[in-house]
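Structure file start39.txt with compact mmCIF, C-alpha atoms and all ligand atoms:
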```txt
# COMPACT_ATOMS: atom_id res chain seq x y z
CA MET A 1 -9.26 -21.21 4.59
CA LYS A 2 -9.85 -18.16 2.42
CA THR A 3 -8.09 -15.09 3.80
CA THR A 4 -9.21 -11.47 3.42
CA ASN A 5 -7.00 -10.78 0.39
CA GLN A 6 -8.66 -13.68 -1.46
CA ASN A 7 -12.06 -11.96 -1.41
CA ILE A 8 -13.25 -9.43 -3.96
CA LYS A 9 -15.67 -7.74 -1.56
CA PRO A 10 -15.31 -6.44 2.00
CA LEU A 11 -16.06 -9.31 4.40
CA THR A 12 -19.30 -7.71 5.65
CA THR A 13 -20.86 -7.18 2.19
CA LYS A 14 -24.51 -8.29 2.02
CA ARG A 15 -27.82 -7.46 0.35
CA ASN A 16 -30.57 -6.24 2.70
CA GLU A 17 -34.32 -6.93 2.49
CA LYS A 18 -34.70 -4.10 -0.06
CA GLY A 19 -32.09 -5.80 -2.22
CA ASN A 20 -29.62 -2.97 -1.59
CA LEU A 21 -25.93 -3.64 -1.01
CA THR A 22 -24.73 -3.14 2.55
CA ILE A 23 -21.21 -3.02 4.01
CA GLY A 24 -20.50 -2.94 7.74
CA GLY A 25 -24.28 -3.04 8.22
CA CYS A 26 -24.69 0.27 6.32
CA ASP A 27 -26.90 0.54 3.24
CA LEU A 28 -24.59 1.91 0.53
CA THR A 29 -27.49 3.69 -1.18
CA GLU A 30 -28.20 5.56 2.06
CA LEU A 31 -24.50 6.38 2.49
CA ALA A 32 -24.50 7.82 -1.03
CA GLN A 33 -27.51 10.00 -0.14
CA LYS A 34 -26.12 11.09 3.19
CA TYR A 35 -22.52 11.83 2.18
CA SER A 36 -22.94 12.30 -1.59
CA THR A 37 -20.79 10.64 -4.28
CA PRO A 38 -18.07 9.90 -5.33
CA LEU A 39 -17.41 8.39 -1.93
CA TYR A 40 -14.74 6.08 -0.59
CA VAL A 41 -16.11 3.61 1.97
CA MET A 42 -13.77 1.65 4.27
CA ASP A 43 -15.00 -1.36 6.27
CA LYS A 44 -13.34 -1.52 9.68
CA GLU A 45 -14.04 -5.21 10.19
CA THR A 46 -12.18 -6.11 7.00
CA LEU A 47 -9.22 -3.87 7.93
CA VAL A 48 -8.95 -5.46 11.35
CA SER A 49 -9.31 -9.02 10.06
CA ILE A 50 -6.44 -8.79 7.58
CA ALA A 51 -4.20 -7.24 10.25
CA ARG A 52 -5.03 -10.10 12.62
CA GLU A 53 -4.51 -12.72 9.90
CA TYR A 54 -0.98 -11.47 9.31
CA LYS A 55 -0.19 -11.57 13.04
CA ASP A 56 -1.73 -15.02 13.41
CA ALA A 57 -0.01 -16.42 10.33
CA PHE A 58 3.44 -15.39 11.59
CA LYS A 59 2.86 -16.12 15.28
CA SER A 60 5.30 -19.05 15.39
CA TYR A 61 8.14 -16.54 14.83
CA PRO A 62 8.47 -14.42 17.99
CA LYS A 63 10.67 -11.81 16.35
CA PHE A 64 7.99 -10.94 13.76
CA LYS A 65 7.18 -7.21 13.48
CA PRO A 66 4.58 -6.09 10.95
CA LYS A 67 4.45 -2.61 9.46
CA PHE A 68 1.82 -1.07 7.23
CA ALA A 69 3.06 0.51 3.98
CA SER A 70 1.42 3.93 4.33
CA LYS A 71 1.59 4.79 0.67
CA ALA A 72 -1.34 2.43 -0.03
CA LEU A 73 -3.65 4.63 2.10
CA MET A 74 -2.68 7.08 4.80
CA THR A 75 -5.19 9.11 6.78
CA SER A 76 -5.27 9.79 10.52
CA ALA A 77 -8.08 7.28 11.12
CA ILE A 78 -6.38 4.53 9.13
CA ALA A 79 -3.10 5.18 10.97
CA LYS A 80 -4.93 4.86 14.28
CA ILE A 81 -6.54 1.53 13.32
CA MET A 82 -3.20 0.08 12.16
CA ALA A 83 -1.35 1.30 15.27
CA ASP A 84 -4.09 -0.14 17.51
CA GLU A 85 -3.50 -3.51 15.80
CA GLY A 86 0.18 -3.26 16.71
CA PHE A 87 1.48 -2.35 13.25
CA GLY A 88 4.34 0.07 12.71
CA PHE A 89 4.59 2.04 9.47
CA ASP A 90 6.62 2.11 6.32
CA VAL A 91 6.70 5.79 5.33
CA VAL A 92 8.08 7.46 2.24
CA SER A 93 7.59 11.20 2.72
CA GLY A 94 7.45 14.06 5.16
CA GLY A 95 3.70 14.12 4.59
CA GLU A 96 3.23 10.51 5.73
CA ILE A 97 5.51 11.09 8.72
CA TYR A 98 3.60 14.23 9.68
CA THR A 99 0.20 12.52 9.36
CA ILE A 100 1.19 9.66 11.68
CA HIS A 101 2.75 12.03 14.22
CA ASN A 102 -0.25 14.34 14.02
CA ALA A 103 -2.53 11.37 14.77
CA GLY A 104 -0.71 11.05 18.09
CA ILE A 105 1.25 7.94 17.09
CA SER A 106 4.92 7.46 17.94
CA LEU A 107 7.25 6.84 15.00
CA GLU A 108 9.44 4.40 16.91
CA ASN A 109 8.06 1.45 14.92
CA SER A 110 8.31 3.20 11.56
CA THR A 111 10.84 2.91 8.75
CA PHE A 112 11.57 5.84 6.45
CA ASN A 113 12.01 4.58 2.99
CA GLY A 114 12.50 6.13 -0.46
CA ASN A 115 15.07 6.73 -3.17
CA ASN A 116 15.44 10.51 -2.84
CA LYS A 117 14.63 11.66 0.67
CA SER A 118 15.16 15.38 1.09
CA ARG A 119 17.20 17.02 3.84
CA GLU A 120 13.98 18.51 5.30
CA GLU A 121 12.30 15.11 5.33
CA LEU A 122 15.28 13.43 6.99
CA GLU A 123 15.45 16.23 9.56
CA LEU A 124 11.76 15.80 10.37
CA ALA A 125 12.15 12.02 10.68
CA ILE A 126 15.18 12.40 12.97
CA ALA A 127 13.50 15.10 15.07
CA LEU A 128 10.51 12.79 15.60
CA ASP A 129 12.80 9.87 16.55
CA ILE A 130 11.84 7.57 13.71
CA GLY A 131 12.73 3.94 14.45
CA ARG A 132 14.64 3.18 11.25
CA VAL A 133 15.77 4.95 8.12
CA SER A 134 16.14 2.60 5.18
CA VAL A 135 19.20 4.04 3.46
CA ASP A 136 18.79 3.77 -0.29
CA ASN A 137 21.99 5.16 -1.82
CA PHE A 138 25.43 6.72 -1.20
CA TYR A 139 24.18 10.28 -1.56
CA GLU A 140 21.60 9.72 1.16
CA LEU A 141 24.12 8.02 3.44
CA GLU A 142 26.36 11.08 3.34
CA LEU A 143 23.44 13.48 3.80
CA LEU A 144 22.00 11.50 6.70
CA ASP A 145 25.32 11.28 8.52
CA SER A 146 25.98 15.00 8.10
CA ILE A 147 22.56 15.86 9.59
CA LEU A 148 23.18 13.45 12.46
CA LYS A 149 26.62 14.92 13.22
CA GLU A 150 25.13 18.43 13.17
CA LYS A 151 22.45 17.39 15.67
CA ASN A 152 24.78 15.15 17.63
CA LYS A 153 22.46 12.20 17.24
CA THR A 154 22.72 8.65 15.98
CA GLN A 155 20.20 6.82 13.80
CA LYS A 156 19.47 3.12 13.39
CA VAL A 157 19.27 2.23 9.72
CA MET A 158 18.42 -0.58 7.36
CA LEU A 159 20.24 -0.85 4.04
CA ARG A 160 17.87 -1.08 1.08
CA VAL A 161 19.16 -3.59 -1.44
CA THR A 162 17.99 -4.93 -4.79
CA PRO A 163 18.16 -8.69 -4.34
CA GLY A 164 18.02 -9.41 -8.07
CA ILE A 165 14.68 -11.19 -8.01
CA GLU A 166 12.13 -10.69 -10.76
CA CYS A 167 8.45 -11.16 -10.17
CA HIS A 168 5.70 -11.34 -12.73
CA THR A 169 3.72 -8.20 -12.18
CA HIS A 170 3.31 -4.90 -14.01
CA GLU A 171 6.67 -3.42 -15.00
CA TYR A 172 5.93 -0.20 -13.10
CA ILE A 173 5.42 -2.03 -9.82
CA GLN A 174 8.41 -4.39 -10.02
CA THR A 175 11.19 -3.20 -7.75
CA GLY A 176 13.47 -6.08 -6.79
CA HIS A 177 15.17 -6.74 -10.13
CA LEU A 178 18.72 -5.51 -10.69
CA ASP A 179 18.00 -2.61 -13.03
CA SER A 180 15.80 -0.72 -10.56
CA LYS A 181 15.97 2.83 -9.21
CA PHE A 182 15.65 1.53 -5.65
CA GLY A 183 18.44 0.51 -3.30
CA PHE A 184 22.04 -0.66 -3.40
CA ASP A 185 23.19 -3.39 -5.73
CA LEU A 186 24.47 -6.35 -3.68
CA THR A 187 27.94 -5.76 -5.13
CA GLN A 188 27.96 -2.30 -3.48
CA LEU A 189 27.04 -3.56 -0.01
CA ASP A 190 30.57 -4.07 1.26
CA SER A 191 31.63 -0.53 0.48
CA VAL A 192 28.46 0.76 2.20
CA VAL A 193 29.23 -1.23 5.35
CA GLU A 194 32.84 -0.06 5.26
CA LEU A 195 31.79 3.59 4.96
CA ILE A 196 29.37 3.27 7.86
CA LEU A 197 31.93 1.59 10.07
CA ASN A 198 34.75 4.03 9.31
CA LYS A 199 33.31 7.33 8.16
CA TYR A 200 29.58 7.73 8.65
CA THR A 201 29.82 6.80 12.29
CA ASN A 202 26.56 8.37 13.49
CA VAL A 203 24.74 5.79 11.42
CA GLU A 204 24.12 2.41 13.04
CA ILE A 205 23.38 -0.52 10.71
CA MET A 206 20.64 -2.81 12.01
CA GLY A 207 19.82 -4.91 8.98
CA LEU A 208 18.91 -5.35 5.35
CA HIS A 209 15.73 -4.29 3.58
CA ALA A 210 14.31 -5.32 0.23
CA HIS A 211 10.94 -5.17 -1.51
CA VAL A 212 10.42 -7.23 -4.63
CA GLY A 213 7.27 -5.77 -6.12
CA SER A 214 3.54 -5.44 -5.72
CA GLN A 215 0.38 -7.46 -6.47
CA ILE A 216 2.50 -10.65 -6.29
CA PHE A 217 0.90 -14.09 -6.61
CA GLU A 218 4.00 -16.35 -6.53
CA THR A 219 5.33 -17.21 -3.07
CA LYS A 220 8.71 -18.16 -4.50
CA VAL A 221 9.89 -14.55 -4.78
CA TRP A 222 9.77 -14.12 -0.98
CA VAL A 223 11.35 -17.52 -0.42
CA ASP A 224 14.28 -16.52 -2.64
CA GLU A 225 14.43 -13.01 -1.19
CA VAL A 226 14.71 -14.28 2.39
CA GLU A 227 17.55 -16.58 1.45
CA VAL A 228 19.43 -13.80 -0.37
CA LEU A 229 19.13 -11.47 2.65
CA VAL A 230 20.25 -14.11 5.16
CA LYS A 231 23.15 -15.08 2.93
CA GLU A 232 24.25 -11.43 2.81
CA ILE A 233 24.07 -11.21 6.61
CA LYS A 234 26.40 -14.20 6.80
CA ARG A 235 28.75 -12.73 4.22
CA ILE A 236 28.92 -9.40 6.08
CA LYS A 237 29.48 -11.27 9.36
CA ASP A 238 32.40 -13.20 7.91
CA LYS A 239 33.97 -10.18 6.29
CA PHE A 240 33.41 -7.45 8.91
CA GLY A 241 32.74 -9.42 12.09
CA ILE A 242 29.34 -7.77 12.66
CA GLU A 243 26.13 -9.75 12.65
CA LEU A 244 23.10 -7.77 11.46
CA GLN A 245 20.01 -8.54 13.53
CA GLU A 246 17.13 -7.54 11.27
CA ILE A 247 15.65 -8.24 7.85
CA ASN A 248 12.77 -6.39 6.25
CA ILE A 249 11.30 -8.26 3.30
CA GLY A 250 8.90 -5.54 2.13
CA GLY A 251 5.29 -6.04 1.08
CA GLY A 252 3.67 -7.07 -2.15
CA LEU A 253 1.01 -9.68 -1.39
CA GLY A 254 -1.61 -9.59 -4.13
CA ILE A 255 -5.36 -9.11 -3.74
CA THR A 256 -8.40 -10.25 -5.71
CA TYR A 257 -9.60 -7.45 -7.98
CA THR A 258 -11.47 -9.86 -10.26
CA GLU A 259 -12.15 -13.60 -10.41
CA CYS A 260 -8.99 -13.95 -12.54
CA ASP A 261 -6.74 -12.95 -9.63
CA THR A 262 -5.57 -15.86 -7.48
CA PRO A 263 -3.26 -14.54 -4.74
CA PRO A 264 -1.94 -16.91 -2.07
CA SER A 265 -3.39 -16.60 1.42
CA THR A 266 -1.55 -14.81 4.21
CA TYR A 267 -1.08 -18.22 5.89
CA GLU A 268 0.46 -19.69 2.75
CA ILE A 269 3.01 -16.89 2.38
CA ALA A 270 3.81 -16.93 6.11
CA GLU A 271 4.48 -20.66 6.00
CA LYS A 272 6.77 -20.39 2.97
CA ILE A 273 8.60 -17.31 4.25
CA LEU A 274 9.18 -18.81 7.70
CA LYS A 275 10.30 -22.13 6.26
CA SER A 276 12.81 -20.35 4.05
CA LEU A 277 13.95 -18.15 6.95
CA ASN A 278 14.39 -21.05 9.39
CA GLU A 279 16.27 -23.10 6.81
CA SER A 280 18.51 -20.18 5.86
CA ILE A 281 19.25 -19.43 9.53
CA LYS A 282 20.48 -23.03 9.94
CA LYS A 283 22.28 -23.16 6.63
CA TYR A 284 24.22 -19.92 7.22
CA ASN A 285 24.45 -20.34 10.98
CA ILE A 286 23.26 -16.88 12.04
CA LYS A 287 21.07 -15.71 14.97
CA GLU A 288 17.32 -15.44 14.36
CA PRO A 289 16.88 -11.93 12.96
CA VAL A 290 13.90 -9.67 13.59
CA LEU A 291 11.58 -10.19 10.61
CA TYR A 292 9.74 -7.11 9.36
CA ILE A 293 7.11 -7.26 6.65
CA GLU A 294 5.42 -4.16 5.30
CA PRO A 295 2.29 -4.96 3.31
CA GLY A 296 0.26 -2.06 1.89
CA ARG A 297 -2.22 -3.12 -0.78
CA SER A 298 -3.34 -6.29 0.99
CA MET A 299 -3.91 -4.37 4.27
CA VAL A 300 -6.42 -1.89 2.86
CA GLY A 301 -7.43 -2.88 -0.67
CA THR A 302 -10.23 -5.31 0.04
CA ALA A 303 -11.72 -3.17 2.82
CA GLY A 304 -12.46 -0.27 0.48
CA VAL A 305 -15.09 0.41 -2.16
CA SER A 306 -15.86 3.50 -4.23
CA LEU A 307 -19.44 4.67 -4.72
CA TYR A 308 -20.38 6.67 -7.80
CA THR A 309 -23.63 7.89 -9.29
CA LEU A 310 -24.34 6.86 -12.88
CA GLY A 311 -25.03 9.75 -15.25
CA SER A 312 -24.93 10.13 -19.01
CA SER A 313 -24.71 7.23 -21.39
CA LYS A 314 -23.77 6.81 -25.02
CA GLN A 315 -24.54 3.95 -27.34
CA VAL A 316 -21.97 3.83 -30.13
CA PRO A 317 -23.90 2.63 -33.23
CA ASN A 318 -23.08 -1.09 -33.56
CA GLY A 319 -20.56 -0.69 -30.74
CA ARG A 320 -20.19 -0.32 -27.00
CA LYS A 321 -22.55 1.30 -24.58
CA TYR A 322 -20.74 3.77 -22.35
CA ILE A 323 -22.16 4.85 -19.01
CA ALA A 324 -20.36 7.65 -17.19
CA VAL A 325 -19.83 7.94 -13.45
CA ASN A 326 -19.30 11.21 -11.55
CA GLY A 327 -15.64 10.38 -10.86
CA GLY A 328 -12.86 8.47 -12.59
CA MET A 329 -9.13 8.81 -13.08
CA ALA A 330 -8.62 11.54 -10.46
CA ASP A 331 -10.06 9.37 -7.67
CA ASN A 332 -8.79 6.06 -9.10
CA VAL A 333 -5.91 6.37 -11.55
CA ARG A 334 -5.07 2.66 -11.65
CA PRO A 335 -7.19 1.68 -14.67
CA SER A 336 -5.75 4.45 -16.85
CA MET A 337 -2.20 4.14 -15.48
CA TYR A 338 -1.77 0.34 -15.27
CA GLY A 339 -4.76 -1.01 -17.17
CA ALA A 340 -5.97 -2.30 -13.80
CA LEU A 341 -9.22 -4.30 -13.73
CA TYR A 342 -12.06 -3.95 -11.23
CA THR A 343 -15.37 -5.56 -10.37
CA ALA A 344 -18.51 -3.56 -9.63
CA GLU A 345 -22.23 -3.90 -8.85
CA ILE A 346 -25.24 -1.65 -8.78
CA ALA A 347 -25.81 -0.95 -5.09
CA ASN A 348 -29.49 0.03 -5.23
CA LYS A 349 -30.99 -2.84 -7.22
CA LYS A 350 -31.85 -6.43 -6.44
CA ASP A 351 -30.08 -9.05 -8.50
CA THR A 352 -32.68 -10.07 -11.06
CA ASN A 353 -30.25 -11.31 -13.61
CA ILE A 354 -31.36 -8.87 -16.28
CA LYS A 355 -27.82 -7.87 -17.10
CA GLU A 356 -26.45 -5.47 -19.64
CA LYS A 357 -22.87 -5.34 -20.88
CA VAL A 358 -21.51 -1.80 -20.59
CA THR A 359 -18.31 0.22 -20.34
CA ILE A 360 -17.94 2.43 -17.27
CA ALA A 361 -16.40 5.76 -18.25
CA GLY A 362 -15.04 8.43 -15.96
CA LYS A 363 -15.87 12.12 -16.41
CA PHE A 364 -12.32 13.42 -16.89
CA CYS A 365 -11.07 14.94 -20.12
CA GLU A 366 -8.98 12.00 -21.32
CA SER A 367 -10.18 9.23 -23.62
CA GLY A 368 -8.18 6.86 -21.42
CA ASP A 369 -10.40 7.68 -18.45
CA ILE A 370 -12.29 4.38 -18.51
CA LEU A 371 -12.85 2.78 -15.11
CA ILE A 372 -14.09 -0.62 -16.31
CA LYS A 373 -13.79 -1.64 -19.96
CA GLU A 374 -16.42 -4.33 -19.93
CA ILE A 375 -18.82 -5.34 -17.21
CA GLU A 376 -22.29 -6.86 -16.92
CA LEU A 377 -24.47 -4.79 -14.64
CA GLU A 378 -28.03 -5.04 -13.42
CA LYS A 379 -30.04 -2.77 -15.81
CA PRO A 380 -27.77 0.24 -15.24
CA GLU A 381 -29.62 3.58 -15.44
CA LYS A 382 -28.85 7.19 -14.59
CA GLY A 383 -29.12 7.85 -10.88
CA ASP A 384 -28.06 4.33 -9.92
CA ILE A 385 -25.29 3.94 -7.35
CA LEU A 386 -22.31 1.98 -8.65
CA CYS A 387 -20.14 0.20 -6.09
CA VAL A 388 -16.62 -0.51 -7.38
CA TYR A 389 -14.86 -3.11 -5.21
CA ASN A 390 -11.30 -3.24 -3.97
CA THR A 391 -10.43 0.43 -4.20
CA GLY A 392 -9.03 0.78 -0.67
CA ALA A 393 -5.40 0.69 -1.80
CA TYR A 394 -3.79 3.21 -4.15
CA GLY A 395 -7.12 4.93 -4.81
CA TYR A 396 -7.34 7.90 -2.46
CA SER A 397 -3.57 7.82 -1.96
CA MET A 398 -3.01 8.47 -5.67
CA ALA A 399 -5.96 10.85 -6.07
CA SER A 400 -5.42 14.20 -7.78
CA ASN A 401 -7.34 17.38 -8.49
CA TYR A 402 -7.18 16.89 -12.24
CA ASN A 403 -9.80 19.02 -14.01
CA LEU A 404 -10.03 20.74 -10.61
CA MET A 405 -12.46 18.12 -9.43
CA LEU A 406 -12.77 17.89 -5.65
CA LYS A 407 -11.25 14.88 -3.93
CA PRO A 408 -14.06 12.66 -2.59
CA ALA A 409 -14.89 12.13 1.07
CA MET A 410 -14.05 8.89 2.89
CA VAL A 411 -16.36 7.15 5.32
CA LEU A 412 -15.55 4.38 7.81
CA VAL A 413 -18.33 1.84 8.44
CA ASN A 414 -18.61 -0.56 11.36
CA ASN A 415 -21.50 -2.23 13.25
CA SER A 416 -24.18 -0.39 11.23
CA GLN A 417 -22.56 2.97 11.97
CA SER A 418 -20.78 5.31 9.59
CA ALA A 419 -18.39 8.19 10.24
CA ILE A 420 -16.55 10.60 7.97
CA ILE A 421 -12.78 10.05 8.19
CA VAL A 422 -11.83 12.40 5.34
CA ASN A 423 -14.02 15.38 4.44
CA ARG A 424 -14.88 16.06 0.83
CA GLN A 425 -12.65 18.86 -0.46
CA THR A 426 -14.26 22.25 -0.96
CA TYR A 427 -13.90 24.85 -3.71
CA GLU A 428 -12.36 27.20 -1.12
CA GLN A 429 -9.66 24.60 -0.43
CA LEU A 430 -9.00 24.26 -4.14
CA VAL A 431 -8.02 27.92 -4.44
CA GLN A 432 -6.62 28.52 -0.96
CA ASN A 433 -3.00 28.39 -2.13
CA ASP A 434 -3.57 30.36 -5.32
CA LYS A 435 -2.14 33.89 -5.63
CA ILE A 436 -2.55 36.43 -8.39
CA ALA A 437 0.86 37.86 -9.22
CA ASP A 438 1.27 41.57 -9.73
CA ILE A 439 4.37 41.54 -11.92
C1 LIG A 501 5.17 -0.19 -2.03
C2 LIG A 501 6.02 -0.78 -1.00
C3 LIG A 501 5.46 -1.65 -0.05
C4 LIG A 501 4.02 -2.08 -0.09
O1 LIG A 501 3.73 -2.81 -1.24
P1 LIG A 501 2.26 -3.46 -1.41
O2 LIG A 501 2.34 -4.13 -2.73
O3 LIG A 501 1.30 -2.35 -1.38
O4 LIG A 501 2.08 -4.44 -0.30
C5 LIG A 501 6.28 -2.14 0.94
N1 LIG A 501 7.59 -1.80 1.01
C6 LIG A 501 8.17 -0.97 0.11
C7 LIG A 501 9.61 -0.64 0.25
C8 LIG A 501 7.39 -0.44 -0.90
O5 LIG A 501 7.97 0.37 -1.80
```
Using structure tokens, write down the structure that the file contains.
Amino acid sequence: MKTTNQNIKPLTTKRNEKGNLTIGGCDLTELAQKYSTPLYVMDKETLVSIAREYKDAFKSYPKFKPKFASKALMTSAIAKIMADEGFGFDVVSGGEIYTIHNAGISLENSTFNGNNKSREELELAIALDIGRVSVDNFYELELLDSILKEKNKTQKVMLRVTPGIECHTHEYIQTGHLDSKFGFDLTQLDSVVELILNKYTNVEIMGLHAHVGSQIFETKVWVDEVEVLVKEIKRIKDKFGIELQEINIGGGLGITYTECDTPPSTYEIAEKILKSLNESIKKYNIKEPVLYIEPGRSMVGTAGVSLYTLGSSKQVPNGRKYIAVNGGMADNVRPSMYGALYTAEIANKKDTNIKEKVTIAGKFCESGDILIKEIELEKPEKGDILCVYNTGAYGYSMASNYNLMLKPAMVLVNNSQSAIIVNRQTYEQLVQNDKIADI
């Protein structure tokens, strides 16, 4: 069975009788008119189905606890949908913590992660009773314990480790290999445990946390990761007489940006991960730990599309034809940052198979601002609405105000209804923090 992450388009994508693309029963051309472009559109049905697939795929393991990696896309509405599906959150900043809290969601099922958490961020997390802090380094351990002693509180923590596993993905999104900025090296673990037991006594170790990378297609990296973590639990048990009860194996499941991407299904990874976990539990003779996963990209990527309006075009003599959209690298930095590939279609035209090969350019002042290098589109003309698929993850969350362009609005669609979940920025908001200095 194909799972959500193995689709390029949101699950509800169709063409209506006019030949227009629809998602969640909403005509994208009408959404573009009503809310203007660029516009992020999120399909609720697709969001809910991937969340339920994860829960279903891991249901044979009662101590399974999923979290959503907020950095892929965090808005109040998205937080609410994830929490309603029973997901906790992996958070990496005061801003993400504040957004979840402000949406009326408890942070008890959240883990605060990151390689340089500030004192203010840790204080906020502690004040809001965050479930876990994933301690990344010695500096943080000392800082965390000093805040806790000041406030006379204790905090349950995970220890972030680099398990020494390489995965084949873009260098910038690999995190589990040894030479990484994230987490403790396994050779440092013993001294961390010792410090927590003897010195940093307001910190309570619950388990180990790792994350091996992103947009991963090989299941073996999680299989190996699980074994490494369980083996470390056993080693710590033998040496210190304490048995850690939790492992967090991070996120990283890949999605299908183009036909060339072939990620495994959620069921396939669950089967391999659970097999490895159950075997390792037997082999190392430890209690069944709580198993946390924290997918980000695969939770929101497929559910989202970006709508743009086509504008100017340029035919290079004997070369490419460029067509520009009214957005680009500030609303989707992935093509210019990682060379990421995307698929797109014209939303307002029937498929007649009169295709033209073009390059989709953004409107930002960088030659590298090319959204799609080469794509065949249905007679693309100015005024057409371009639907770029799979922009739900790391699109809005990495958006900037480069060139002082306004950040686009975001709309949720479901059952032929649409609702704004993020307003389009305004010019007033752009300058609201500006001050003219009189010095
Ligand atoms: C980025 C990240 C995730 C989510 O990764 P995806 O590839 O988006 O699933 C999960 N855990 C940690 C620690 C991360 O840094």
Item to complete: Give the residue list for ligand LIG 501 (chain A) at 9 Å, counting only C-alpha atoms and all ligand atoms, as a ChimeraX atom specification, sorted by chain and then by residue number.
Response: /A:67-72,90-92,113-114,134,160,173,175,182,209-216,248-254,293-301,393-394
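The point (-1.4, 7.8, 12.1) has these residues within 6 Å of it, counting all atoms listed in the file: Ser76, Ala79, Lys80, Thr99, Ile100, Ala103 and Ile105 of chain A.
The residue that comes closest to Lys220 in chain A, out of A:Asp185, A:Glu108, A:Glu123, A:Glu271 and on the basis of all atoms listed in the file, is A:Glu271.
Between CA of Glu204 in chain A and CA of Val157 in chain A the separation is 5.9 Å.
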Discussion item. Calculated over all atoms listed in the file, which of the candidates A:Glu366, A:Asp351, A:Glu227, A:Glu279 has the smallest distance to Pro380 in chain A?
Written reply: A:Asp351
Practice prompt. Between CA of Ala324 in chain A and CA of Leu39 in chain A, measure the distance and give it in Å to one decimal.
Written response: 15.6 Å
Do a neighbour search on Leu128 in chain A at 8 Å with all atoms listed in the file, toss out local chain neighbours closer than 2 positions, and write the hits as an mmCIF file with C-alpha atoms, keeping the file's coordinate frame.
```
data_model
loop_
_atom_site.group_PDB
_atom_site.id
_atom_site.type_symbol
_atom_site.label_atom_id
_atom_site.label_comp_id
_atom_site.auth_asym_id
_atom_site.auth_seq_id
_atom_site.Cartn_x
_atom_site.Cartn_y
_atom_site.Cartn_z
ATOM 1 C CA HIS A 101 2.750 12.030 14.220
ATOM 2 C CA LEU A 107 7.250 6.840 15.000
ATOM 3 C CA LEU A 124 11.760 15.800 10.370
ATOM 4 C CA ALA A 125 12.150 12.020 10.680
ATOM 5 C CA ILE A 126 15.180 12.400 12.970
ATOM 6 C CA ILE A 130 11.840 7.570 13.710
#
```
Practice prompt. Determine, counting only C-alpha atoms, every residue of protein, DNA or RNA that lies within 10 Å of (2.1, -16.6, 6.4) in the file coordinates, then give the result as a ChimeraX atom specification.
Written response: /A:53-60,264-275
Worksheet entry | Residue neighbourhood Gly327 in chain A, 9 Å, only C-alpha atoms, exclusion window fewer than 3 positions, as a count of residues only | 14
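Each of A:Lys287, A:Ala347, A:Gly241, A:Ile50 was checked against Arg15 in chain A using only C-alpha atoms; the smallest atom-to-atom distance is that of A:Ala347.
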Practice prompt. Please provide the set of residues having any atom within 10 Å of Lys314 in chain A, restricted to all atoms listed in the file, with same-chain residues fewer than 3 positions apart removed, written as JSON, numbers by chain.
Written response: {"A": [317, 319, 320, 321, 322, 323, 324, 358, 359]}
Would you mind exporting C-alpha atoms of the selected residues as an mmCIF file, in the coordinates of the input?
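Okay, part_3.cif is ready:
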```cif
data_model
loop_
_atom_site.group_PDB
_atom_site.id
_atom_site.type_symbol
_atom_site.label_atom_id
_atom_site.label_comp_id
_atom_site.auth_asym_id
_atom_site.auth_seq_id
_atom_site.Cartn_x
_atom_site.Cartn_y
_atom_site.Cartn_z
ATOM 1 C CA PRO A 317 -23.900 2.630 -33.230
ATOM 2 C CA GLY A 319 -20.560 -0.690 -30.740
ATOM 3 C CA ARG A 320 -20.190 -0.320 -27.000
ATOM 4 C CA LYS A 321 -22.550 1.300 -24.580
ATOM 5 C CA TYR A 322 -20.740 3.770 -22.350
ATOM 6 C CA ILE A 323 -22.160 4.850 -19.010
ATOM 7 C CA ALA A 324 -20.360 7.650 -17.190
ATOM 8 C CA VAL A 358 -21.510 -1.800 -20.590
ATOM 9 C CA THR A 359 -18.310 0.220 -20.340
#
```
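Residues surrounding Val431 in chain A within 12 Å are A:Asn401, A:Leu404, A:Met405, A:Leu406, A:Gln425, A:Thr426, A:Ile436 [only C-alpha atoms; sequence separation below 5 positions excluded].
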Produce a file of the selected residues containing C-alpha atoms, as a JSON list (two decimals), keeping the file's coordinate frame.
```
[["chain", "number", "residue", "atom", "x", "y", "z"],
["A", 401, "ASN", "CA", -7.34, 17.38, -8.49],
["A", 404, "LEU", "CA", -10.03, 20.74, -10.61],
["A", 405, "MET", "CA", -12.46, 18.12, -9.43],
["A", 406, "LEU", "CA", -12.77, 17.89, -5.65],
["A", 425, "GLN", "CA", -12.65, 18.86, -0.46],
["A", 426, "THR", "CA", -14.26, 22.25, -0.96],
["A", 436, "ILE", "CA", -2.55, 36.43, -8.39]]
```
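Relative to CA of Asn202 in chain A, CA of Lys149 in chain A is found at 6.6 Å.
Of the listed residues (A:Ala127, A:Leu229, A:Leu291, A:Ile372), A:Ile372 comes nearest to Thr258 in chain A; the distances count only C-alpha atoms.
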Discussion item. As number ranges by chain, please: the residues near Val48 in chain A (cut-off 10 Å, all atoms listed in the file, same-chain neighbours under 6 positions excluded).
Written reply: A: 4, 81-82, 84-85, 299-300, 303
Worksheet item: In terms of the shortest atom-to-atom distance over all atoms listed in the file, which of A:Ile78, A:Cys387, A:Leu195, A:Gln6 is closest to Ile420 in chain A?
Response: A:Ile78
Which centre and which edge lengths, in Å to one decimal, describe the axis-aligned box that holds all listed atoms of range 310-321 of chain A after 6 Å is added on each side, as JSON?
```
{"center_x": -22.6, "center_y": 4.5, "center_z": -23.2, "size_x": 16.8, "size_y": 23.2, "size_z": 32.7}
```
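Distance check against Met329 in chain A using all atoms listed in the file: of A:Tyr396, A:Tyr98, A:Phe64, A:Tyr200, the minimum falls on A:Tyr396.
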